[in-house]
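Data first, discussion second: the structure below is written as structure tokens.
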Amino acid sequence: MDTAIIIEKGIFIVVIFAITMLFAMYETLAERKIAAWFQDRIGPDRAGKGGILQPLADGLKLFSKEEFFPNTPNRFLFIAGPAISMSTALITSAVIPWGDTLHIFGRDVVLQATDIDIAMLYIFGVLSVGVYGIMIGGWASNNKFSLMGAMRASSQMISYEVAMGLAIIALVMMTGSLSLRDIAAGQHGMSWNVFYQPVGFLIFLVCSFAETNRTPFDLAECEAELIGGYHTEYSSMKMGFYLFAEYASMFISSTILAVLYFGAYNFPGMDWVTENWGANATTWIGVLVLFGKICFFIFFYMWVRWTIPRFRYDQLMKLGWKMLIPLAIANIVITALAILWSDGKLF
Amino acid sequence: MSDLLLPPELRYAKMIEQRQNEDGSELAILNLGPTHPATHGIFQNILLMDGERILDGEGTVGYIHRAFEKIAENRPFYQITPLTDRMNYCSSPINNMGWWMTLEKALDIEVPKRVQYLRVIIMELARIADHIICNSVLGVDTGALTGFLYVFQYREKIYEIYEEICGARLTTNMGRIGGFERDWSPAAFKKINDFLEEFPAIWTEFENLLSRNRIFMDRTINVGPISAEKAMSYGFTGPNLRAAGIDYDVRVMKPYSSYEDFEFDVPVGQSGDTYDRFCVRNAEVWESLKIIKQALEKLPEGPFHANVPDYYLPPKEDVYNNMEALIYHFKIVMGEVPVPKTEVYHAVEGGNGELGFYLITDGSRTPYRLHFRRPCFIYYQAFNDMVKGQMLSDAIATLSSLNVIAGELDA
């Protein structure tokens, strides 16, 4: 029995890892294609049909580039930076419920690597570690532009984590659990959290943009001012790791958005499907639905990136501390009152 | 020795040493350039930074100085146009036409009305191309790449019009003394009409994308402002001066090439900040479109060059069959044309401001002295004053909206 679980989880982890990597790879192509679409261009179309092999070509190019080391005393940290970024971007996927239970080979397979009851805290912890990758990389580059990018990134992430956490508190108060599985299961059918927590969702969405360093919060690497920001001095696959980590974390944060607020694998009419086609069909469709939602959020990230300019550093701080945090606190108070009221304890 | 005479890096090093922040932090020197994506060319800004804030700055010019004024002293008059191409390369035709007009003023040549109108059309097209670049690149520097690539195809269409007229795209070397090298083809007029038809929709879309965008407004309003008095004392002209609220436009104040025949407004701003500069340029594009339309409507028939055989090359078949034409051809190509001893200043409203040509001749085949009044050179002097006390991101946006073009800055 134990061996079976280990094998089952092993296979599952490999599959999830592969899917994350595949998504991150094809996000790079999607980004370029979507940008091209927005800007009335064609976009990459030389490698394979419609540019389908472009990510492979990019990877090959990055691998074959010269490994450049700046004149820095922190050679080890210089290598550690992208590694930390990459690994933190990938390990978040461990707690995400990709689907409901699947009955195959006479067993109940839970489509989740691990269901820990403090999944939310785990995600926050990993996200906080993620900033070290940028911070260390920027510091070790021994370059003023990199350092400035790193400082911007770290102060931005720290400020926005507060608002993000406060937005989540309201959600946790409502669902009564920190486990992502419970939160997902609680949004059965069409009772998605976004309908009960619209303000919380907006705050969380804005903070996700900040946490993934995407426009309009891409101050850490804004090419017009800081050349490349924290990865100015990076070349070859180390640079590739930073870029890859950005896309992987975009995938993960889209997933978290979908799981927390957009009903995870739940979809309207799932009870009907279970009744008529069986529970397995619901699970499979649920997985597809989740990926559909993820793709939508990824597209949303790109949509925003190619539409609006970026903030200035002080405006970013102002938005984080003076608007989002008070709003999140107000949201908590209102949610608390609403819970009390619905329990009949108010008035 | 006064500290001001020291090179900036030494001066700043001294300041860093002297200043002791209470929290133990230090000031830093940041080299913005010479090769930095925001400089759009090559020039260096040495900035003294307190974190993200700029305390002081000093610009260095001369990275692509090509000694155009000196080269011009050794060239026959008609060979100086290629030099003017390479100043503000975003609107070369204006530079070319400005030079021909200066020369015609010196030689006292009357240019046919048709040529004047054609020149107005091409100069306004060049102004549109210049403003397209400046405004869309301001978008890029604040982080919005889409507007830039979206309107850029219309700059390409303007370049196709240049190509139809003179065969070149970037460094146009367009026109001759007294007119154009050939009459404009029907294809050129068709391309201009197509452009006039398609471009307004695109430009409206571009304006919608940025001009009322909250983030863009926050990024540009009150960024890099300059007061009207200060702008005047620095010698600002063109859109940058008009953004500060002064309605000085060479086309209106001292009309050349029949600009007095056309109806157009001179848009002005109020505060002289980055947003006003952006809006003034946007509005000027619409005014330019208006002028082009009027010029096309009123375009008279007639010759495409003045009747000046001393300066205008005869047609090739005449050169082969006609002795007089051969002699003219030889004299013009060798630069042996009669030039009076004179001193003229002629200014045109360039893409960036008053582009002046100060020409002194001594009767020989080359200018005795030629000075280009290059607006970018003047704007760049004010840059450090404008960004003092602002954030690094503001400096980038300011530099971008001043439209400092390295080619014109250094000449």
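By order of appearance in the structure tokens: chains A, B, ..., then residues from 1 within every chain, and ligands from 1 in the order shown.
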Discussion item. I need the chain B residues near chain A as an NGL selection string; criterion: at most 10 Å, counting only C-alpha atoms.
Written reply: :B and (28-32 or 35-39 or 51-52 or 139-153 or 209-210 or 213-219 or 391-397)
Running DSSP on the backbone, which parts of region 2-223 of chain A land in strand (DSSP E or B), as a CSV table (one decimal) with C-alpha atoms, in the first residue's frame?
```
chain,number,residue,atom,x,y,z
A,101,THR,CA,-10.7,12.4,-6.7
A,102,LEU,CA,-10.2,10.0,-9.6
A,103,HIS,CA,-11.2,6.3,-9.4
A,104,ILE,CA,-8.9,4.2,-11.5
A,107,ARG,CA,-8.0,3.1,-6.2
A,108,ASP,CA,-9.0,6.6,-5.3
A,109,VAL,CA,-6.4,8.9,-6.7
A,110,VAL,CA,-6.4,12.4,-5.3
```
Worksheet item: So what do you get for CA of Ala57 (chain A) versus CA of Phe244 (chain A), distance-wise?
Response: 14.2 Å
Discussion item. To test your reading of the structure, identify every residue in region 17-217 of chain A that backbone DSSP assigns to alpha helix (DSSP H), and report it as a count of residues only.
Written reply: 127
Which residues are near region 345-358 of chain B? Cut-off 9 Å, only C-alpha atoms, ignore same chain within fewer than 4 positions. Put them as an mmCIF file with N, CA and C atoms, in the first residue's frame.
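Final file, out_25.cif:
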```
data_model
loop_
_atom_site.group_PDB
_atom_site.id
_atom_site.type_symbol
_atom_site.label_atom_id
_atom_site.label_comp_id
_atom_site.auth_asym_id
_atom_site.auth_seq_id
_atom_site.Cartn_x
_atom_site.Cartn_y
_atom_site.Cartn_z
ATOM 1 N N ASN B 88 18.987 65.584 -37.279
ATOM 2 C CA ASN B 88 17.797 64.956 -36.719
ATOM 3 C C ASN B 88 17.301 63.939 -37.728
ATOM 4 N N CYS B 90 15.271 61.685 -37.592
ATOM 5 C CA CYS B 90 13.852 61.316 -37.572
ATOM 6 C C CYS B 90 13.044 62.189 -38.517
ATOM 7 N N SER B 91 13.574 63.346 -38.880
ATOM 8 C CA SER B 91 12.850 64.206 -39.815
ATOM 9 C C SER B 91 13.844 64.853 -40.775
ATOM 10 N N ILE B 94 12.983 67.887 -43.364
ATOM 11 C CA ILE B 94 12.921 69.271 -42.878
ATOM 12 C C ILE B 94 14.310 69.887 -42.912
ATOM 13 N N ASN B 95 15.292 69.102 -42.484
ATOM 14 C CA ASN B 95 16.667 69.613 -42.491
ATOM 15 C C ASN B 95 17.112 69.929 -43.918
ATOM 16 N N MET B 97 15.257 70.606 -46.585
ATOM 17 C CA MET B 97 14.551 71.761 -47.138
ATOM 18 C C MET B 97 15.050 73.043 -46.497
ATOM 19 N N GLY B 98 15.315 72.983 -45.202
ATOM 20 C CA GLY B 98 15.838 74.169 -44.513
ATOM 21 C C GLY B 98 17.145 74.615 -45.128
ATOM 22 N N TRP B 99 17.990 73.662 -45.453
ATOM 23 C CA TRP B 99 19.279 74.000 -46.051
ATOM 24 C C TRP B 99 19.106 74.598 -47.437
ATOM 25 N N MET B 101 16.540 76.163 -48.553
ATOM 26 C CA MET B 101 15.941 77.497 -48.436
ATOM 27 C C MET B 101 16.983 78.517 -48.009
ATOM 28 N N THR B 102 17.882 78.114 -47.128
ATOM 29 C CA THR B 102 18.963 79.007 -46.716
ATOM 30 C C THR B 102 19.797 79.411 -47.919
ATOM 31 N N LEU B 103 20.104 78.404 -48.723
ATOM 32 C CA LEU B 103 20.945 78.632 -49.887
ATOM 33 C C LEU B 103 20.237 79.527 -50.893
ATOM 34 N N LYS B 105 18.049 81.700 -50.210
ATOM 35 C CA LYS B 105 18.048 83.044 -49.645
ATOM 36 C C LYS B 105 19.382 83.720 -49.941
ATOM 37 N N ALA B 106 20.466 82.971 -49.787
ATOM 38 C CA ALA B 106 21.793 83.539 -50.037
ATOM 39 C C ALA B 106 21.978 83.865 -51.506
ATOM 40 N N MET B 123 7.613 68.501 -45.567
ATOM 41 C CA MET B 123 8.080 68.900 -44.239
ATOM 42 C C MET B 123 7.066 68.519 -43.173
ATOM 43 N N GLU B 124 5.782 68.655 -43.511
ATOM 44 C CA GLU B 124 4.772 68.285 -42.510
ATOM 45 C C GLU B 124 4.731 66.780 -42.308
ATOM 46 N N ALA B 126 7.292 64.902 -42.537
ATOM 47 C CA ALA B 126 8.460 64.612 -41.703
ATOM 48 C C ALA B 126 8.181 64.966 -40.254
ATOM 49 N N ARG B 127 7.421 66.040 -40.042
ATOM 50 C CA ARG B 127 7.095 66.425 -38.662
ATOM 51 C C ARG B 127 6.222 65.345 -38.019
ATOM 52 N N ILE B 128 5.292 64.805 -38.807
ATOM 53 C CA ILE B 128 4.455 63.734 -38.261
ATOM 54 C C ILE B 128 5.332 62.541 -37.883
ATOM 55 N N ALA B 129 6.256 62.186 -38.785
ATOM 56 C CA ALA B 129 7.134 61.047 -38.501
ATOM 57 C C ALA B 129 7.918 61.297 -37.221
ATOM 58 N N ASP B 130 8.407 62.512 -37.062
ATOM 59 C CA ASP B 130 9.194 62.863 -35.876
ATOM 60 C C ASP B 130 8.351 62.742 -34.617
ATOM 61 N N HIS B 131 7.148 63.287 -34.663
ATOM 62 C CA HIS B 131 6.295 63.256 -33.476
ATOM 63 C C HIS B 131 5.805 61.845 -33.164
ATOM 64 N N PHE B 236 14.795 77.585 -25.478
ATOM 65 C CA PHE B 236 13.916 76.537 -25.995
ATOM 66 C C PHE B 236 13.113 77.067 -27.177
ATOM 67 N N THR B 237 12.779 76.171 -28.084
ATOM 68 C CA THR B 237 11.875 76.499 -29.190
ATOM 69 C C THR B 237 11.009 75.274 -29.431
ATOM 70 N N GLY B 238 10.164 75.369 -30.425
ATOM 71 C CA GLY B 238 9.419 74.195 -30.853
ATOM 72 C C GLY B 238 8.452 73.676 -29.810
ATOM 73 N N PRO B 239 8.067 72.397 -29.927
ATOM 74 C CA PRO B 239 7.051 71.828 -29.041
ATOM 75 C C PRO B 239 7.412 71.979 -27.562
ATOM 76 N N ASN B 240 8.687 71.910 -27.238
ATOM 77 C CA ASN B 240 9.067 71.975 -25.829
ATOM 78 C C ASN B 240 8.804 73.352 -25.240
ATOM 79 N N LEU B 241 8.978 74.395 -26.046
ATOM 80 C CA LEU B 241 8.670 75.744 -25.563
ATOM 81 C C LEU B 241 7.163 75.945 -25.539
ATOM 82 N N ASP B 249 6.183 79.828 -32.908
ATOM 83 C CA ASP B 249 6.309 78.835 -33.968
ATOM 84 C C ASP B 249 6.892 79.561 -35.172
ATOM 85 N N VAL B 250 8.015 79.077 -35.687
ATOM 86 C CA VAL B 250 8.668 79.764 -36.803
ATOM 87 C C VAL B 250 7.745 79.843 -38.011
ATOM 88 N N ARG B 251 6.903 78.833 -38.174
ATOM 89 C CA ARG B 251 6.004 78.804 -39.333
ATOM 90 C C ARG B 251 5.040 79.983 -39.324
ATOM 91 N N LYS B 254 7.659 83.760 -38.671
ATOM 92 C CA LYS B 254 8.463 84.173 -39.807
ATOM 93 C C LYS B 254 8.222 83.157 -40.914
ATOM 94 N N PRO B 255 7.050 83.266 -41.564
ATOM 95 C CA PRO B 255 6.665 82.205 -42.512
ATOM 96 C C PRO B 255 7.674 82.046 -43.639
ATOM 97 N N TYR B 256 7.924 80.825 -43.988
ATOM 98 C CA TYR B 256 8.792 80.498 -45.115
ATOM 99 C C TYR B 256 8.015 79.533 -45.979
ATOM 100 N N ARG B 369 31.750 79.935 -43.350
ATOM 101 C CA ARG B 369 31.386 79.410 -42.034
ATOM 102 C C ARG B 369 29.920 79.031 -42.096
ATOM 103 N N LEU B 370 29.604 77.871 -41.542
ATOM 104 C CA LEU B 370 28.207 77.445 -41.497
ATOM 105 C C LEU B 370 27.922 76.962 -40.090
ATOM 106 N N HIS B 371 26.898 77.539 -39.490
ATOM 107 C CA HIS B 371 26.529 77.085 -38.147
ATOM 108 C C HIS B 371 25.116 76.552 -38.170
ATOM 109 N N PHE B 372 24.940 75.360 -37.590
ATOM 110 C CA PHE B 372 23.595 74.817 -37.449
ATOM 111 C C PHE B 372 23.093 75.164 -36.058
ATOM 112 N N ARG B 373 21.910 75.807 -35.999
ATOM 113 C CA ARG B 373 21.292 75.988 -34.680
ATOM 114 C C ARG B 373 20.473 74.742 -34.399
ATOM 115 N N ARG B 374 21.009 73.902 -33.534
ATOM 116 C CA ARG B 374 20.394 72.591 -33.316
ATOM 117 C C ARG B 374 19.588 72.618 -32.027
ATOM 118 N N PRO B 375 18.265 72.518 -32.100
ATOM 119 C CA PRO B 375 17.453 72.631 -30.881
ATOM 120 C C PRO B 375 17.793 71.592 -29.817
ATOM 121 N N CYS B 376 18.118 70.357 -30.230
ATOM 122 C CA CYS B 376 18.413 69.306 -29.242
ATOM 123 C C CYS B 376 19.566 69.703 -28.336
ATOM 124 N N LEU B 402 11.679 65.308 -24.168
ATOM 125 C CA LEU B 402 12.401 66.436 -24.765
ATOM 126 C C LEU B 402 12.806 66.107 -26.186
ATOM 127 N N ASN B 403 12.776 64.811 -26.499
ATOM 128 C CA ASN B 403 13.152 64.330 -27.823
ATOM 129 C C ASN B 403 14.573 64.733 -28.182
ATOM 130 N N VAL B 404 15.493 64.440 -27.291
ATOM 131 C CA VAL B 404 16.894 64.726 -27.574
ATOM 132 C C VAL B 404 17.417 63.625 -28.483
#
```
Practice prompt. Name the residues in contact with Asp45 (chain A) at a cut-off of 12 Å, using only C-alpha atoms, excluding same-chain residues fewer than 3 positions from it; report them as JSON, numbers by chain.
Written response: {"A": [29, 30, 32, 33, 36, 41, 42, 48, 49, 50, 51, 52, 53, 54, 55, 57]}
Discussion item. Just want the 12 Å neighbourhood of Gly178 (chain B), counted on only C-alpha atoms, with same-chain residues fewer than 5 positions away dropped. Output as a ChimeraX atom specification.
Written reply: /B:78,97,99-116,119,257,303-313
Dump as a JSON list (two decimals), in the first residue's frame, selection limited to N, CA and C atoms:
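Below is the file selection_35.json, written as the result:
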```
[["chain", "number", "residue", "atom", "x", "y", "z"],
["B", 78, "TYR", "N", 26.08, 72.16, -52.68],
["B", 78, "TYR", "CA", 25.05, 71.13, -52.86],
["B", 78, "TYR", "C", 25.42, 69.82, -52.17],
["B", 97, "MET", "N", 15.26, 70.61, -46.58],
["B", 97, "MET", "CA", 14.55, 71.76, -47.14],
["B", 97, "MET", "C", 15.05, 73.04, -46.50],
["B", 99, "TRP", "N", 17.99, 73.66, -45.45],
["B", 99, "TRP", "CA", 19.28, 74.00, -46.05],
["B", 99, "TRP", "C", 19.11, 74.60, -47.44],
["B", 100, "TRP", "N", 18.22, 73.99, -48.26],
["B", 100, "TRP", "CA", 18.01, 74.55, -49.60],
["B", 100, "TRP", "C", 17.45, 75.95, -49.51],
["B", 101, "MET", "N", 16.54, 76.16, -48.55],
["B", 101, "MET", "CA", 15.94, 77.50, -48.44],
["B", 101, "MET", "C", 16.98, 78.52, -48.01],
["B", 102, "THR", "N", 17.88, 78.11, -47.13],
["B", 102, "THR", "CA", 18.96, 79.01, -46.72],
["B", 102, "THR", "C", 19.80, 79.41, -47.92],
["B", 103, "LEU", "N", 20.10, 78.40, -48.72],
["B", 103, "LEU", "CA", 20.95, 78.63, -49.89],
["B", 103, "LEU", "C", 20.24, 79.53, -50.89],
["B", 104, "GLU", "N", 18.93, 79.27, -51.08],
["B", 104, "GLU", "CA", 18.17, 80.10, -52.01],
["B", 104, "GLU", "C", 18.10, 81.54, -51.52],
["B", 105, "LYS", "N", 18.05, 81.70, -50.21],
["B", 105, "LYS", "CA", 18.05, 83.04, -49.64],
["B", 105, "LYS", "C", 19.38, 83.72, -49.94],
["B", 106, "ALA", "N", 20.47, 82.97, -49.79],
["B", 106, "ALA", "CA", 21.79, 83.54, -50.04],
["B", 106, "ALA", "C", 21.98, 83.86, -51.51],
["B", 107, "LEU", "N", 21.45, 83.01, -52.38],
["B", 107, "LEU", "CA", 21.64, 83.20, -53.82],
["B", 107, "LEU", "C", 20.52, 84.04, -54.43],
["B", 108, "ASP", "N", 19.53, 84.39, -53.61],
["B", 108, "ASP", "CA", 18.42, 85.22, -54.04],
["B", 108, "ASP", "C", 17.65, 84.55, -55.19],
["B", 109, "ILE", "N", 17.19, 83.35, -54.94],
["B", 109, "ILE", "CA", 16.45, 82.61, -55.96],
["B", 109, "ILE", "C", 14.98, 82.58, -55.59],
["B", 110, "GLU", "N", 14.14, 82.90, -56.56],
["B", 110, "GLU", "CA", 12.69, 82.83, -56.35],
["B", 110, "GLU", "C", 12.22, 81.43, -56.73],
["B", 111, "VAL", "N", 11.52, 80.77, -55.81],
["B", 111, "VAL", "CA", 11.11, 79.38, -56.03],
["B", 111, "VAL", "C", 9.65, 79.35, -56.45],
["B", 112, "PRO", "N", 9.29, 78.54, -57.47],
["B", 112, "PRO", "CA", 7.89, 78.48, -57.90],
["B", 112, "PRO", "C", 6.96, 78.03, -56.77],
["B", 113, "LYS", "N", 5.71, 78.47, -56.90],
["B", 113, "LYS", "CA", 4.72, 78.17, -55.85],
["B", 113, "LYS", "C", 4.55, 76.67, -55.65],
["B", 114, "ARG", "N", 4.56, 75.93, -56.74],
["B", 114, "ARG", "CA", 4.36, 74.48, -56.64],
["B", 114, "ARG", "C", 5.44, 73.85, -55.77],
["B", 115, "VAL", "N", 6.66, 74.28, -55.97],
["B", 115, "VAL", "CA", 7.76, 73.72, -55.18],
["B", 115, "VAL", "C", 7.56, 74.04, -53.71],
["B", 116, "GLN", "N", 7.13, 75.29, -53.45],
["B", 116, "GLN", "CA", 6.93, 75.67, -52.05],
["B", 116, "GLN", "C", 5.87, 74.79, -51.40],
["B", 119, "ARG", "N", 7.15, 71.34, -50.82],
["B", 119, "ARG", "CA", 8.05, 71.35, -49.67],
["B", 119, "ARG", "C", 7.26, 71.35, -48.36],
["B", 257, "SER", "N", 8.43, 79.37, -47.20],
["B", 257, "SER", "CA", 7.84, 78.38, -48.10],
["B", 257, "SER", "C", 6.30, 78.44, -48.09],
["B", 303, "PRO", "N", 6.20, 74.26, -62.92],
["B", 303, "PRO", "CA", 7.48, 73.55, -62.90],
["B", 303, "PRO", "C", 7.81, 73.09, -61.48],
["B", 304, "PHE", "N", 8.64, 72.04, -61.41],
["B", 304, "PHE", "CA", 9.00, 71.52, -60.10],
["B", 304, "PHE", "C", 10.36, 72.05, -59.64],
["B", 305, "HIS", "N", 10.90, 73.02, -60.42],
["B", 305, "HIS", "CA", 12.13, 73.66, -59.95],
["B", 305, "HIS", "C", 12.20, 75.06, -60.52],
["B", 306, "ALA", "N", 12.99, 75.90, -59.88],
["B", 306, "ALA", "CA", 13.14, 77.27, -60.37],
["B", 306, "ALA", "C", 14.00, 77.27, -61.63],
["B", 307, "ASN", "N", 13.84, 78.29, -62.42],
["B", 307, "ASN", "CA", 14.63, 78.37, -63.65],
["B", 307, "ASN", "C", 15.98, 78.99, -63.33],
["B", 308, "VAL", "N", 16.88, 78.18, -62.79],
["B", 308, "VAL", "CA", 18.21, 78.69, -62.43],
["B", 308, "VAL", "C", 19.28, 77.76, -62.99],
["B", 309, "PRO", "N", 19.58, 77.89, -64.30],
["B", 309, "PRO", "CA", 20.53, 76.95, -64.91],
["B", 309, "PRO", "C", 21.91, 76.98, -64.26],
["B", 310, "ASP", "N", 22.24, 78.09, -63.58],
["B", 310, "ASP", "CA", 23.54, 78.15, -62.93],
["B", 310, "ASP", "C", 23.67, 77.15, -61.79],
["B", 311, "TYR", "N", 22.52, 76.82, -61.18],
["B", 311, "TYR", "CA", 22.57, 75.98, -59.98],
["B", 311, "TYR", "C", 21.84, 74.66, -60.11],
["B", 312, "TYR", "N", 20.90, 74.58, -61.04],
["B", 312, "TYR", "CA", 20.07, 73.39, -61.15],
["B", 312, "TYR", "C", 20.57, 72.54, -62.31],
["B", 313, "LEU", "N", 20.86, 71.27, -62.03],
["B", 313, "LEU", "CA", 21.43, 70.39, -63.05],
["B", 313, "LEU", "C", 20.49, 70.25, -64.25]]
```
Discussion item. I want to know what sits within 10 Å of region 282-290 of chain B, based on only C-alpha atoms, with residues of the same chain fewer than 2 positions away left out; could you give that as a count of residues only?
Written reply: 40
Practice prompt. Skip Lys14 (chain B) itself and residues of its chain fewer than 6 positions away, then list as a list in words all residues within 12 Å of it, counting only C-alpha atoms.
Written response: Asp3, Leu4, Leu6, Pro7, Pro8, Gln20, Leu27, Ala28, Ile29 and Leu48 of chain B
